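Visitor: Hey, dropping run-v4.cif in here, mmCIF, C-alpha atoms:
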data_coords
loop_
_atom_site.label_atom_id
_atom_site.label_comp_id
_atom_site.auth_asym_id
_atom_site.auth_seq_id
_atom_site.Cartn_x
_atom_site.Cartn_y
_atom_site.Cartn_z
CA MET J 1 1.54 18.00 23.00
CA LYS J 2 2.02 15.71 20.02
CA LEU J 3 -1.65 14.65 20.21
CA LEU J 4 -2.72 18.29 19.82
CA ALA J 5 -0.59 18.66 16.68
CA LEU J 6 -2.01 15.46 15.19
CA ALA J 7 -5.60 16.28 16.15
CA SER J 8 -5.68 18.99 13.50
CA LEU J 9 -5.33 16.40 10.74
CA PRO J 10 -8.70 15.50 9.17
CA ALA J 11 -8.12 11.75 9.50
CA MET J 12 -7.30 12.09 13.20
CA ALA J 13 -10.40 14.21 13.77
CA LEU J 14 -12.51 11.42 12.24
CA SER J 15 -10.88 8.93 14.58
CA LEU J 16 -11.80 10.97 17.63
CA THR J 17 -15.49 11.32 16.67
CA ALA J 18 -16.31 7.62 16.19
CA PRO J 19 -13.67 5.40 17.84
CA GLY J 20 -15.42 2.12 16.93
CA SER J 21 -15.62 2.83 13.21
CA PRO J 22 -12.56 2.55 10.98
CA ILE J 23 -11.23 5.33 8.80
CA THR J 24 -11.74 4.10 5.24
CA ALA J 25 -9.96 4.56 1.93
CA GLN J 26 -11.25 2.98 -1.26
CA PHE J 27 -9.69 3.40 -4.69
CA GLN J 28 -9.04 1.84 -8.07
CA VAL J 29 -5.68 0.84 -9.56
CA GLY J 30 -4.68 0.17 -13.12
CA PRO J 31 -1.79 0.23 -15.57
CA ASN J 32 -0.26 3.72 -15.46
CA ASN J 33 -2.95 4.81 -12.96
CA ASP J 34 -5.76 4.06 -15.43
CA PRO J 35 -8.24 1.63 -13.81
CA THR J 36 -10.31 1.55 -17.01
CA ASP J 37 -7.38 -0.07 -18.85
CA THR J 38 -8.21 -3.76 -18.51
CA SER J 39 -5.24 -4.86 -20.64
CA GLY J 40 -3.16 -5.12 -17.47
CA CYS J 41 -3.46 -5.36 -13.70
CA HIS J 42 -6.53 -3.47 -12.45
CA GLY J 43 -9.11 -3.55 -9.68
CA GLU J 44 -10.19 -2.17 -6.33
CA ILE J 45 -8.41 -1.72 -3.03
CA THR J 46 -9.92 -0.86 0.36
CA MET J 47 -7.97 0.15 3.46
CA LEU J 48 -9.49 0.35 6.94
CA THR J 49 -7.57 1.92 9.84
CA TYR J 50 -8.93 1.15 13.29
CA ALA J 51 -8.48 3.14 16.52
CA ASN J 52 -5.96 0.53 17.79
CA GLY J 53 -3.61 1.48 14.89
CA MET J 54 -4.21 -1.63 12.78
CA ASN J 55 -4.80 -1.18 9.07
CA VAL J 56 -6.70 -3.86 7.16
CA ILE J 57 -6.02 -3.94 3.42
CA LYS J 58 -8.43 -5.71 1.03
CA TRP J 59 -7.94 -6.13 -2.71
CA ASP J 60 -9.78 -7.58 -5.69
CA LEU J 61 -7.55 -7.44 -8.79
CA GLN J 62 -7.63 -8.95 -12.26
CA ASN J 63 -5.12 -9.56 -15.08
CA CYS J 64 -2.03 -9.12 -12.87
CA GLY J 65 0.29 -11.47 -14.73
CA ARG J 66 2.21 -14.47 -13.52
CA LYS J 67 1.19 -16.72 -10.64
CA GLY J 68 2.93 -16.00 -7.34
CA TYR J 69 3.67 -13.19 -4.95
CA HIS J 70 3.88 -9.61 -6.18
CA GLY J 71 5.32 -6.52 -4.47
CA PHE J 72 2.58 -4.25 -3.13
CA HIS J 73 3.86 -0.92 -1.78
CA ILE J 74 2.89 2.59 -0.86
CA HIS J 75 5.16 4.92 -2.86
CA SER J 76 6.17 8.48 -1.99
CA VAL J 77 5.00 10.79 -4.79
CA ALA J 78 1.50 11.06 -6.30
CA ASP J 79 2.96 12.01 -9.69
CA PHE J 80 1.62 9.97 -12.59
CA SER J 81 3.17 12.07 -15.38
CA ASP J 82 5.12 8.95 -16.44
CA GLY J 83 2.47 6.49 -15.28
CA CYS J 84 3.45 4.37 -12.28
CA GLY J 85 7.13 5.03 -13.04
CA SER J 86 7.06 8.58 -11.66
CA THR J 87 5.70 7.73 -8.20
CA GLY J 88 9.12 7.81 -6.53
CA GLY J 89 10.45 5.17 -4.16
CA HIS J 90 8.65 3.50 -1.28
CA PHE J 91 7.09 5.88 1.24
CA ASN J 92 9.87 6.10 3.82
CA PRO J 93 9.50 9.20 6.04
CA THR J 94 11.58 7.57 8.81
CA SER J 95 14.59 6.83 6.54
CA GLU J 96 14.69 3.09 7.28
CA GLU J 97 15.98 0.24 5.11
CA HIS J 98 13.50 -1.80 3.11
CA GLY J 99 12.24 -4.89 4.93
CA GLY J 100 9.44 -7.39 5.27
CA THR J 101 6.14 -6.47 6.84
CA LYS J 102 6.97 -8.50 9.96
CA ASP J 103 10.28 -6.62 10.41
CA GLN J 104 10.54 -3.83 12.98
CA ILE J 105 12.86 -1.88 10.68
CA ARG J 106 11.20 -1.20 7.33
CA HIS J 107 9.64 1.52 5.22
CA VAL J 108 6.17 2.74 6.16
CA GLY J 109 5.24 1.81 2.58
CA ASP J 110 6.34 -1.84 2.89
CA ILE J 111 2.92 -3.51 3.08
CA PRO J 112 2.17 -7.25 2.75
CA GLN J 113 2.54 -8.72 -0.73
CA ILE J 114 -0.37 -9.99 -2.78
CA TYR J 115 -0.69 -13.48 -4.26
CA VAL J 116 -1.78 -13.78 -7.88
CA ASP J 117 -3.45 -17.04 -8.90
CA GLU J 118 -2.95 -19.08 -12.09
CA ASN J 119 -5.62 -16.96 -13.85
CA GLY J 120 -3.83 -13.67 -13.08
CA ASN J 121 -6.28 -12.64 -10.36
CA ALA J 122 -5.64 -11.64 -6.77
CA LYS J 123 -8.22 -11.31 -4.02
CA GLY J 124 -7.32 -11.15 -0.39
CA ILE J 125 -6.91 -9.35 2.89
CA SER J 126 -3.90 -8.48 5.04
CA GLU J 127 -3.03 -6.36 8.07
CA ASP J 128 -0.36 -3.75 8.67
CA SER J 129 0.45 -1.38 11.50
CA LYS J 130 2.68 1.19 9.75
CA ALA J 131 0.83 2.14 6.54
CA ILE J 132 -2.20 3.71 8.19
CA LEU J 133 -4.74 6.35 7.16
CA ASN J 134 -4.15 8.81 9.99
CA GLY J 135 -1.38 10.29 12.07
CA GLU J 136 2.00 11.78 11.33
CA PHE J 137 2.86 9.34 8.51
CA SER J 138 -0.59 8.90 6.95
CA VAL J 139 -0.61 7.22 3.53
CA VAL J 140 -3.69 9.16 2.34
CA GLY J 141 -2.92 10.80 -1.00
CA LYS J 142 0.05 8.50 -1.63
CA PRO J 143 0.22 6.08 -4.59
CA LEU J 144 -0.14 2.35 -4.07
CA VAL J 145 1.97 0.42 -6.61
CA ILE J 146 1.79 -3.24 -7.66
CA HIS J 147 4.97 -4.80 -9.06
CA GLU J 148 5.45 -7.60 -11.59
CA GLY J 149 7.59 -9.72 -9.26
CA GLN J 150 8.00 -10.89 -5.70
CA ASP J 151 9.52 -8.57 -3.13
CA ASP J 152 12.55 -10.20 -1.46
CA GLU J 153 11.72 -8.22 1.73
CA GLY J 154 15.29 -6.96 2.07
CA GLU J 155 16.77 -10.47 2.25
CA GLY J 156 17.93 -10.95 -1.36
CA GLY J 157 21.52 -9.78 -1.02
CA GLU J 158 21.35 -7.65 -4.17
CA GLU J 159 21.87 -3.89 -4.17
CA CYS J 160 18.14 -3.25 -4.78
CA SER J 161 17.16 -5.54 -1.90
CA LYS J 162 17.54 -2.98 0.92
CA SER J 163 15.96 -0.13 -1.08
CA ASN J 164 12.97 -1.70 -2.85
CA GLY J 165 13.01 -5.50 -2.56
CA CYS J 166 13.93 -6.02 -6.23
CA ALA J 167 10.24 -6.54 -7.09
CA GLY J 168 10.58 -5.43 -10.71
CA ALA J 169 8.50 -3.27 -13.00
CA ARG J 170 5.46 -1.35 -11.80
CA ILE J 171 2.39 -2.92 -13.40
CA ALA J 172 -0.42 -0.95 -11.73
CA CYS J 173 -0.97 2.00 -9.42
CA GLY J 174 -3.58 4.29 -7.92
CA THR J 175 -3.95 6.95 -5.21
CA VAL J 176 -5.06 6.11 -1.66
CA LYS J 177 -8.31 8.10 -1.33
CA LEU J 178 -10.06 8.66 1.97
CA VAL J 179 -13.82 8.03 1.77
CA GLY J 180 -14.83 8.13 5.44
CA ARG J 181 -16.05 5.39 7.72
CA GLN J 182 -17.42 1.88 7.04
#
For this file, produce the structure as structure tokens.

Guide:
Amino acid sequence: MKLLALASLPAMALSLTAPGSPITAQFQVGPNNDPTDTSGCHGEITMLTYANGMNVIKWDLQNCGRKGYHGFHIHSVADFSDGCGSTGGHFNPTSEEHGGTKDQIRHVGDIPQIYVDENGNAKGISEDSKAILNGEFSVVGKPLVIHEGQDDEGEGGEECSKSNGCAGARIACGTVKLVGRQ
């Protein structure tokens, strides 16, 4: 019965027509949702959700600030009226505590962090099984936000640790946009 309800979603319908091809989202991020603003963190992100439920996330970003890990999350509200600051908290439709991407209990929007090199650039690939492009908790249309600091993955002991990982200011964002299949 649940499958019938989900089958009406466009992303699920795509999954049923070509099971070997991933559902694909590709979008730009930038300071205050402006990817043409090269004064801060900006670049391209691709997400690929496969029929087995695995989501592959690829990024190529420039000018993202200090060297080290940076919080990388799906947020809940695609409202950019106050730039990245108005995108709400992490996407958390299951009302869980914030955690690391290897934790069973975590927000849907808690995706693997990015690593920024000494030149302020980040290029990489990661996998996640909760932030996917189809199904009941699809992240399509949600904002992806990059933070200035490292996410403590719920282990920091501070008040913000269990809600958002204390990752700091939001330095770039953009909307997850479905483009089809690879």

Visitor: Which protein, DNA or RNA residues are at most 9 Å from (-7.8, -2.5, 3.2) in the file's coordinates when you count only C-alpha atoms, listed as a PyMOL selection string?

Guide: chain J and resi 24-26+45-49+55-59+125-127

Visitor: Using all atoms listed in the file, which of the listed residues (J:Val108, J:Val145, J:Cys166, J:Ile132) sits closest to Ala51 (chain J)?

Guide: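 Checking each of J:Val108, J:Val145, J:Cys166, J:Ile132 against Ala51 (chain J), counting all atoms listed in the file, the winner is J:Ile132.
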
Visitor: Using 10 Å as the limit and counting only C-alpha atoms, can you tabulate each residue of region 98-171 of chain J that touches region 79-92 of chain J, with its shortest atom-to-atom distance in Å and the two atoms involved, as CSV?

Guide:
residue,atom,partner,partner_atom,distance
J:His98,CA,J:His90,CA,8.4
J:Arg106,CA,J:Asn92,CA,8.2
J:His107,CA,J:Asn92,CA,4.8
J:Val108,CA,J:Asn92,CA,5.5
J:Gly109,CA,J:Phe91,CA,4.7
J:Asp110,CA,J:His90,CA,7.2
J:Ala131,CA,J:Phe91,CA,9.0
J:Phe137,CA,J:Asn92,CA,9.0
J:Val139,CA,J:Phe91,CA,8.1
J:Lys142,CA,J:Phe91,CA,8.0
J:Pro143,CA,J:Thr87,CA,6.8
J:Leu144,CA,J:Thr87,CA,9.0
J:Val145,CA,J:Cys84,CA,7.1
J:Ile146,CA,J:Cys84,CA,9.1
J:His147,CA,J:Cys84,CA,9.8
J:Ser163,CA,J:His90,CA,8.2
J:Asn164,CA,J:His90,CA,6.9
J:Ala169,CA,J:Gly85,CA,8.4
J:Arg170,CA,J:Cys84,CA,6.1
J:Ile171,CA,J:Cys84,CA,7.5

Visitor: For CA of Gln150 (chain J) and CA of Pro112 (chain J), determine how far apart the two atoms are, in Å to one decimal place.

Guide: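 Taking CA of Gln150 (chain J) and CA of Pro112 (chain J), their separation equals 10.9 Å.
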
Visitor: Which residue out of J:Cys173, J:Val29, J:Leu61, J:Leu178 has the minimum interatomic distance to Tyr115 (chain J) when all atoms listed in the file are used?

Guide: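 The answer is J:Leu61, which sits nearest to Tyr115 (chain J).
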
Visitor: Could you tell me how far CA of Gly99 (chain J) lies from CA of Gly141 (chain J), in Å and to one decimal?

Guide: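 Straight-line distance from CA of Gly99 (chain J) to CA of Gly141 (chain J) works out to 22.6 Å.
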
Visitor: Report, in Å with one decimal, the straight-line distance from CA of Asn134 (chain J) to CA of Met54 (chain J).

Guide: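 Here the two named atoms are 10.8 Å from each other.
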
Visitor: Have a look at J:Thr101, J:Asn52, J:Glu148, J:Gly40 and name the one nearest to Gly168 (chain J); count all atoms listed in the file.

Guide: J:Glu148

Visitor: For a quick check of understanding, using all atoms listed in the file, which of J:Pro93, J:Ile105, J:Asn119, J:Thr38 has the smallest distance to His75 (chain J)?

Guide: J:Pro93

Visitor: Find, counting all atoms listed in the file, the residue in J:Gly71, J:Gly20, J:Gly174, J:Pro31 that gets nearest to Ile111 (chain J).

Guide: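 Looking only at the distances to Ile111 (chain J), the closest residue turns out to be J:Gly71.
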
Visitor: Calculated over all atoms listed in the file, which of the candidates J:Val116, J:Ala78, J:Cys160, J:Leu133 has the smallest distance to Gly53 (chain J)?

Guide: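 Among the listed residues, J:Leu133 lies closest to Gly53 (chain J).
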